[in-house]
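Coordinates from work.txt are shown below (compact mmCIF, C-alpha atoms (C1' of nucleotides)).
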```txt
# COMPACT_ATOMS: atom_id res chain seq x y z
CA MET A 406 0.00 0.00 0.00
CA ALA A 407 2.91 2.31 0.46
CA LEU A 408 3.41 2.61 -3.24
CA LEU A 409 4.00 6.29 -3.07
CA GLU A 410 7.36 7.37 -1.89
CA ARG A 411 8.64 10.86 -2.16
CA LYS A 412 11.70 12.94 -1.83
CA ASP A 413 10.11 14.44 1.21
CA MET A 414 12.67 13.44 3.73
CA ALA A 415 14.97 16.17 2.54
CA ASP A 416 12.82 19.06 3.57
CA VAL A 417 11.07 17.72 6.54
CA ASN A 418 11.95 20.65 8.65
CA ASN A 419 11.77 23.66 6.50
CA ASN A 420 9.02 25.41 4.73
CA ASN A 421 10.89 26.85 1.83
CA ASN A 422 9.05 26.96 -1.38
CA ASN A 423 10.36 24.36 -3.73
CA ASN A 424 8.76 25.93 -6.65
CA SER A 425 9.07 29.62 -6.87
CA SER A 426 8.20 29.74 -10.52
CA THR A 427 4.53 29.03 -10.18
CA GLY A 428 4.03 30.32 -6.72
CA THR A 429 1.30 27.79 -6.35
CA GLU A 430 3.31 24.94 -4.97
CA VAL A 431 3.79 24.55 -1.29
CA SER A 432 6.68 22.70 0.19
CA SER A 433 5.97 19.45 1.89
CA ASN A 434 5.01 19.70 5.48
CA MET A 435 4.00 17.37 8.26
CA THR A 436 0.73 19.23 8.35
CA ILE A 437 -1.91 19.02 5.70
CA TYR A 438 -4.34 21.81 5.06
CA ILE A 439 -7.79 20.69 4.07
CA ASN A 440 -10.51 22.87 2.69
CA ASN A 441 -13.81 22.48 0.94
CA LEU A 442 -15.03 20.76 4.07
CA ASN A 443 -18.70 20.79 4.79
CA GLU A 444 -19.22 23.89 6.89
CA ASN A 445 -22.25 22.62 8.67
CA ILE A 446 -20.44 20.01 10.64
CA LYS A 447 -19.74 20.93 14.19
CA ILE A 448 -16.09 21.33 14.96
CA ASP A 449 -15.95 18.56 17.46
CA GLU A 450 -17.55 16.05 15.16
CA LEU A 451 -15.46 17.23 12.26
CA LYS A 452 -12.24 16.65 14.14
CA LYS A 453 -13.28 13.20 15.19
CA ALA A 454 -14.31 12.25 11.72
CA LEU A 455 -11.06 13.58 10.31
CA HIS A 456 -9.14 11.64 12.85
CA ALA A 457 -11.03 8.48 12.03
CA VAL A 458 -10.27 8.85 8.39
CA PHE A 459 -6.67 10.08 8.54
CA SER A 460 -5.14 8.09 11.35
CA GLN A 461 -4.54 5.24 8.94
CA PHE A 462 -1.67 7.24 7.44
CA GLY A 463 0.28 7.68 10.61
CA LYS A 464 0.30 9.19 14.03
CA ILE A 465 -1.64 12.40 14.26
CA LEU A 466 -0.27 14.96 16.66
CA GLU A 467 -3.12 17.40 16.45
CA ILE A 468 -6.13 18.41 14.42
CA LEU A 469 -7.11 22.04 14.26
CA ALA A 470 -10.33 23.47 12.95
CA PHE A 471 -12.18 26.66 13.69
CA LYS A 472 -15.63 27.92 13.15
CA THR A 473 -14.86 31.54 12.48
CA LEU A 474 -15.89 32.98 9.16
CA LYS A 475 -12.41 33.03 7.84
CA HIS A 476 -11.65 29.51 8.85
CA LYS A 477 -14.83 27.62 8.25
CA GLY A 478 -14.58 24.59 6.07
CA GLN A 479 -10.91 24.17 6.73
CA ALA A 480 -8.78 22.03 8.95
CA TRP A 481 -5.18 21.24 9.65
CA VAL A 482 -4.08 17.75 10.41
CA VAL A 483 -0.63 17.54 11.94
CA PHE A 484 1.16 14.27 11.39
CA GLU A 485 4.27 13.04 13.06
CA ASP A 486 6.19 12.96 9.83
CA VAL A 487 6.06 14.23 6.29
CA GLN A 488 5.68 10.81 4.80
CA SER A 489 2.38 10.30 6.56
CA ALA A 490 1.18 13.69 5.46
CA SER A 491 2.17 12.99 1.88
CA ASN A 492 0.41 9.68 1.79
CA ALA A 493 -2.67 11.16 3.38
CA MET A 494 -2.75 13.95 0.87
CA ARG A 495 -2.39 11.73 -2.15
CA GLN A 496 -4.71 9.03 -1.06
CA MET A 497 -7.46 11.17 0.35
CA GLN A 498 -7.35 13.88 -2.26
CA SER A 499 -10.91 14.56 -3.39
CA PHE A 500 -12.27 11.98 -1.03
CA PRO A 501 -16.00 12.65 -0.56
CA PHE A 502 -16.38 13.65 3.02
CA TYR A 503 -19.77 14.73 4.26
CA ASP A 504 -20.78 15.00 0.62
CA LYS A 505 -17.96 17.25 -0.44
CA PRO A 506 -14.64 16.28 -1.95
CA MET A 507 -11.78 17.17 0.33
CA ARG A 508 -9.15 19.49 -1.09
CA ILE A 509 -5.85 18.76 0.50
CA GLN A 510 -2.56 20.61 0.35
CA TYR A 511 0.47 20.83 2.54
CA ALA A 512 0.10 23.55 5.11
CA LYS A 513 2.01 26.66 4.24
CA THR A 514 3.82 26.97 7.52
CA LYS A 515 5.01 24.73 10.24
CA SER A 516 2.48 24.00 12.93
CA ASP A 517 3.15 25.41 16.36
CA ILE A 518 3.12 22.01 17.93
CA VAL A 519 5.91 20.96 15.59
CA ALA A 520 7.87 24.14 16.11
CA LYS A 521 7.61 23.71 19.82
CA ALA A 522 8.94 20.21 19.51
CA ASP A 523 11.95 21.24 17.47
CA GLY A 524 12.65 24.39 19.40
CA THR A 525 11.90 26.87 16.64
CA PHE A 526 8.65 28.12 18.01
CA VAL A 527 8.26 31.86 18.17
CA PRO A 528 5.25 33.38 19.88
CA ARG A 529 2.46 34.67 17.79
CA GLU A 530 3.08 38.39 17.34
CA LYS A 531 6.38 37.76 15.63
CA ARG A 532 4.56 35.98 12.89
CA ARG A 533 2.86 37.33 9.88
CA ARG A 534 -0.70 37.97 10.84
CA HIS A 535 -2.86 37.40 7.85
CA GLU A 536 -4.83 40.54 7.25
CA GLU A 537 -8.09 40.20 5.42
CA LYS A 538 -9.82 42.64 3.19
CA GLY A 539 -13.59 42.86 3.06
CA LYS A 540 -15.19 40.12 1.09
CA LYS A 541 -18.64 39.66 -0.26
CA LYS A 542 -20.39 36.92 1.54
CA LYS A 543 -22.24 34.33 -0.44
CA ASP A 544 -24.73 31.87 0.80
CA GLN A 545 -23.44 28.70 2.23
CA HIS A 546 -25.82 26.01 3.13
CA ASP A 547 -25.62 22.39 2.46
CA THR A 548 -28.43 20.40 3.78
CA ASN A 549 -27.47 17.04 4.93
CA GLN A 550 -28.33 15.36 8.10
CA VAL A 551 -25.19 15.20 10.09
CA GLY A 552 -26.15 17.24 13.07
CA VAL A 553 -26.84 14.47 15.47
CA GLY A 554 -24.77 14.46 18.59
CA LEU A 555 -21.74 12.30 18.83
CA THR A 556 -20.46 10.64 21.88
CA PRO A 557 -17.02 11.73 22.98
CA ALA A 558 -15.68 8.44 21.95
CA TYR A 559 -12.04 9.22 21.55
CA GLY A 560 -9.94 8.98 24.61
CA GLY A 561 -8.75 12.33 23.46
CA ALA A 562 -5.37 10.80 22.98
CA TYR A 563 -4.62 11.28 19.33
CA GLY A 564 -1.20 9.95 19.99
CA THR A 565 -2.09 6.43 20.84
CA THR A 566 -2.34 5.10 17.33
CA PRO A 567 0.36 2.64 16.36
CA PRO A 568 3.18 3.95 14.13
CA LEU A 569 2.56 3.60 10.44
CA SER A 570 0.38 1.66 8.16
CA GLN A 571 1.75 -1.85 8.20
CA ILE A 572 -0.19 -2.93 11.18
CA PRO A 573 -0.95 -6.62 10.99
CA TYR A 574 -4.65 -6.95 10.79
CA LEU A 575 -6.36 -6.16 13.95
CA GLY A 576 -8.54 -9.04 14.90
CA GLY A 577 -11.58 -8.89 17.04
CA VAL A 578 -13.87 -10.53 14.56
CA LYS A 579 -14.59 -14.16 14.98
CA SER A 580 -15.07 -15.39 11.47
CA MET A 581 -13.47 -12.73 9.42
CA VAL A 582 -14.52 -14.06 6.07
CA PRO A 583 -17.54 -16.25 5.69
CA GLU A 584 -16.93 -19.63 4.07
CA ALA A 585 -19.17 -18.90 1.15
CA PRO A 586 -19.98 -15.34 0.24
CA ALA A 587 -23.52 -14.41 1.08
CA PRO A 588 -25.81 -13.87 -1.88
CA PRO A 589 -26.38 -10.26 -2.90
CA ASN A 590 -28.52 -8.25 -0.59
CA ASN A 591 -29.49 -4.62 -0.48
CA ILE A 592 -28.30 -4.68 3.12
CA LEU A 593 -24.59 -4.74 3.79
CA PHE A 594 -22.96 -6.22 6.83
CA ILE A 595 -19.94 -4.30 8.07
CA GLN A 596 -17.37 -5.88 10.37
CA ASN A 597 -14.09 -5.01 12.02
CA LEU A 598 -15.02 -1.47 12.96
CA PRO A 599 -13.23 0.25 15.80
CA ASN A 600 -15.33 0.51 18.93
CA GLU A 601 -15.43 4.27 18.64
CA THR A 602 -17.22 4.13 15.34
CA THR A 603 -20.45 6.05 15.32
CA THR A 604 -23.47 5.87 13.11
CA MET A 605 -22.60 9.31 11.85
CA MET A 606 -19.17 8.27 10.72
CA LEU A 607 -20.55 5.36 8.80
CA GLN A 608 -23.31 7.44 7.34
CA MET A 609 -20.73 9.88 6.12
CA LEU A 610 -18.95 7.13 4.29
CA PHE A 611 -21.89 5.25 2.91
CA GLN A 612 -24.32 7.99 2.06
CA GLN A 613 -22.20 9.09 -0.85
CA TYR A 614 -23.42 6.13 -2.82
CA THR A 615 -26.72 6.20 -4.60
CA GLY A 616 -29.60 4.49 -2.94
CA PHE A 617 -28.31 4.88 0.60
CA LYS A 618 -31.08 4.39 3.12
CA GLU A 619 -29.70 3.98 6.59
CA VAL A 620 -27.00 2.78 8.91
CA ARG A 621 -27.85 0.62 11.87
CA MET A 622 -25.41 -0.16 14.59
CA VAL A 623 -25.91 -2.75 17.24
CA GLU A 624 -25.09 -1.31 20.60
CA THR A 625 -24.66 -4.67 22.20
CA LYS A 626 -22.25 -5.74 19.50
CA PRO A 627 -19.53 -3.20 18.92
CA GLY A 628 -17.60 -3.46 15.71
CA ILE A 629 -20.41 -4.27 13.37
CA ALA A 630 -23.07 -2.37 11.50
CA PHE A 631 -25.70 -2.80 8.85
CA VAL A 632 -26.07 -0.41 5.96
CA GLU A 633 -29.14 -0.49 3.81
CA TYR A 634 -29.53 0.56 0.20
CA GLY A 635 -32.49 0.66 -2.11
CA ASP A 636 -31.45 -2.36 -4.08
CA GLU A 637 -28.69 -4.88 -4.54
CA MET A 638 -26.97 -3.09 -7.35
CA GLN A 639 -26.61 0.00 -5.24
CA SER A 640 -25.37 -1.89 -2.22
CA THR A 641 -22.88 -3.70 -4.43
CA VAL A 642 -21.41 -0.47 -5.72
CA ALA A 643 -21.00 0.84 -2.19
CA MET A 644 -19.51 -2.41 -0.98
CA HIS A 645 -16.83 -2.42 -3.62
CA ALA A 646 -16.08 1.24 -3.18
CA LEU A 647 -15.58 1.01 0.55
CA GLN A 648 -14.28 -2.51 0.93
CA GLY A 649 -11.24 -2.41 3.17
CA PHE A 650 -11.61 1.27 3.98
CA LYS A 651 -9.58 1.96 7.06
CA LEU A 652 -10.94 3.64 10.10
CA GLN A 653 -8.04 4.14 12.39
CA GLN A 654 -6.09 0.96 11.89
CA TYR A 655 -9.11 -1.18 11.24
CA SER A 656 -9.97 -2.31 7.76
CA MET A 657 -13.65 -2.47 7.12
CA LEU A 658 -14.88 -5.84 6.03
CA ILE A 659 -18.07 -5.59 4.05
CA THR A 660 -20.25 -8.46 2.99
CA TYR A 661 -23.87 -8.83 2.11
CA ALA A 662 -26.05 -9.31 5.13
CA LYS A 663 -27.66 -12.68 5.50
CA LYS A 664 -31.24 -12.72 4.44
C1' DA B 1413 -12.78 31.26 -1.10
C1' DG B 1414 -10.76 31.31 3.01
C1' DC B 1415 -3.32 28.77 5.83
C1' DA B 1416 -4.06 28.54 12.12
C1' DC B 1417 -2.14 27.43 16.37
C1' DA B 1418 -9.66 27.40 20.86
```
Structure encoded using structure tokens:
Amino acid sequence: MALLERKDMADVNNNNNNNSSTGTEVSSNMTIYINNLNENIKIDELKKALHAVFSQFGKILEILAFKTLKHKGQAWVVFEDVQSASNAMRQMQSFPFYDKPMRIQYAKTKSDIVAKADGTFVPREKRRRHEEKGKKKKDQHDTNQVGVGLTPAYGGAYGTTPPLSQIPYLGGVKSMVPEAPAPPNNILFIQNLPNETTTMMLQMLFQQYTGFKEVRMVETKPGIAFVEYGDEMQSTVAMHALQGFKLQQYSMLITYAKK
DNA sequence: AGCACA
């Protein structure tokens, strides 16, 4: 899966522009800057969902997002190393997240948490404050149903995820693959989910596919869920699209539900 | 659209 290697190790610790000709390129950075995020998602939920989806690329030191006008729809995900950030950027580029494709770039500057770690941190006022000129405000409203409360499932410890991707295959599921594949069904059976998974997170992933009806989780059985579509063709498309999708270090296993 | 350090 790590089929993308880069020259990134060279400039891990500086933010020089590599490409001064275009002015559009930003040097690699341990932090990715994401925009085009759905602005209706509450910050807390947004951060959790981002963590769920990005922790597969490496240890996340911090996720920053703000709800101010100037910073809505944007987030910074700080990884432990550039390689993780690079992989995250490439692999999740344009990923549909709450109905909108993520736009991911390297952050322009080093994150404070990183600067503090390497001793180069300088307090705020020394830095270039970004001044903003008046802008016309356009409407922004997406209407999707993601406003339901989310339990504070994370231990808050972003740093507890194992190092990089090549994590064996976390078990926890009895019969990982059924002997014979179940016959097609408009209901999908999802296994091997992390315990922290919420209905909202799954909805976010599955509702992008046509025919999505609902997600059902079974409180008494963590790690599994059912996702219903209008018909078998629709559920099949979603199954193939999301098969093996990683939430934290867990790879989703999707099969048709038994009838 | 919008690159911060809640």
| task | Would you mind reading off the distance between CA of Tyr661 in chain A and CA of Ile592 in chain A, one decimal, in Å? | result |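 Calculated distance between CA of Tyr661 in chain A and CA of Ile592 in chain A is 6.2 Å.
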Closest atom pairs, chain B residues within 9 Å of range 477-498 of chain A, all atoms listed in the file, as JSON lines:
```
{"residue": "B:DG1414", "atom": "C1'", "partner": "A:Lys477", "partner_atom": "CA", "distance": 7.6}
{"residue": "B:DC1415", "atom": "C1'", "partner": "A:Trp481", "partner_atom": "CA", "distance": 8.6}
{"residue": "B:DA1416", "atom": "C1'", "partner": "A:Trp481", "partner_atom": "CA", "distance": 7.8}
```
Next, the residues of the selection above should be written as a PDB file, in the coordinates of the input with C-alpha atoms (C1' of nucleotides).
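Okay, this is what ended up in out-v3.pdb:
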```
ATOM      1  C1'  DG B1414     -10.760  31.310   3.010  1.00  0.00           C
ATOM      2  C1'  DC B1415      -3.320  28.770   5.830  1.00  0.00           C
ATOM      3  C1'  DA B1416      -4.060  28.540  12.120  1.00  0.00           C
TER       4       DA B1416
END
```
Next on the checklist: Could you work out which residues of chain A fall inside 10 Å of chain B? Count only C-alpha atoms (C1' of nucleotides), and format the result as a ChimeraX atom specification.
Outcome noted: /A:437-441,469-472,474-481,510-518,529,535,537,540,542-543
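The two atoms in question, CA of Thr436 in chain A and CA of Phe650 in chain A, are spaced 22.2 Å apart.
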Atom-to-atom span, CA of Pro588 in chain A and CA of Thr625 in chain A, Å: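 If I compute the distance from CA of Pro588 in chain A to CA of Thr625 in chain A, I get 25.8 Å.
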- Message: For a quick check of your reading of the model, name the residues lying within 12 Å of the coordinate (-28.8, 7.7, -2.3), counting all atoms listed in the file, and write them as number ranges by chain.
- Response: A: 504, 549, 608-619, 632-636, 639-640, 642-643
Would you compute, for all listed atoms of chain B, the axis-aligned bounding box grown by 8 Å on each side, and then report its centre and edge lengths in Å rounded to one decimal, as AutoDock Vina command-line options?
```
--center_x -7.5 --center_y 29.4 --center_z 9.9 --size_x 26.6 --size_y 19.9 --size_z 38.0
```
Neighbouring residues of Val458 in chain A were defined as those with any atom within 8 Å, considering only C-alpha atoms (C1' of nucleotides); residues of the same chain fewer than 5 positions away were excluded. Please report them as a PDB file with C-alpha atoms, in the coordinates of the input.
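Dumped to selection-v7.pdb:
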```
ATOM      1  CA  LYS A 651      -9.580   1.960   7.060  1.00  0.00           C
ATOM      2  CA  LEU A 652     -10.940   3.640  10.100  1.00  0.00           C
ATOM      3  CA  GLN A 653      -8.040   4.140  12.390  1.00  0.00           C
TER       4      GLN A 653
END
```
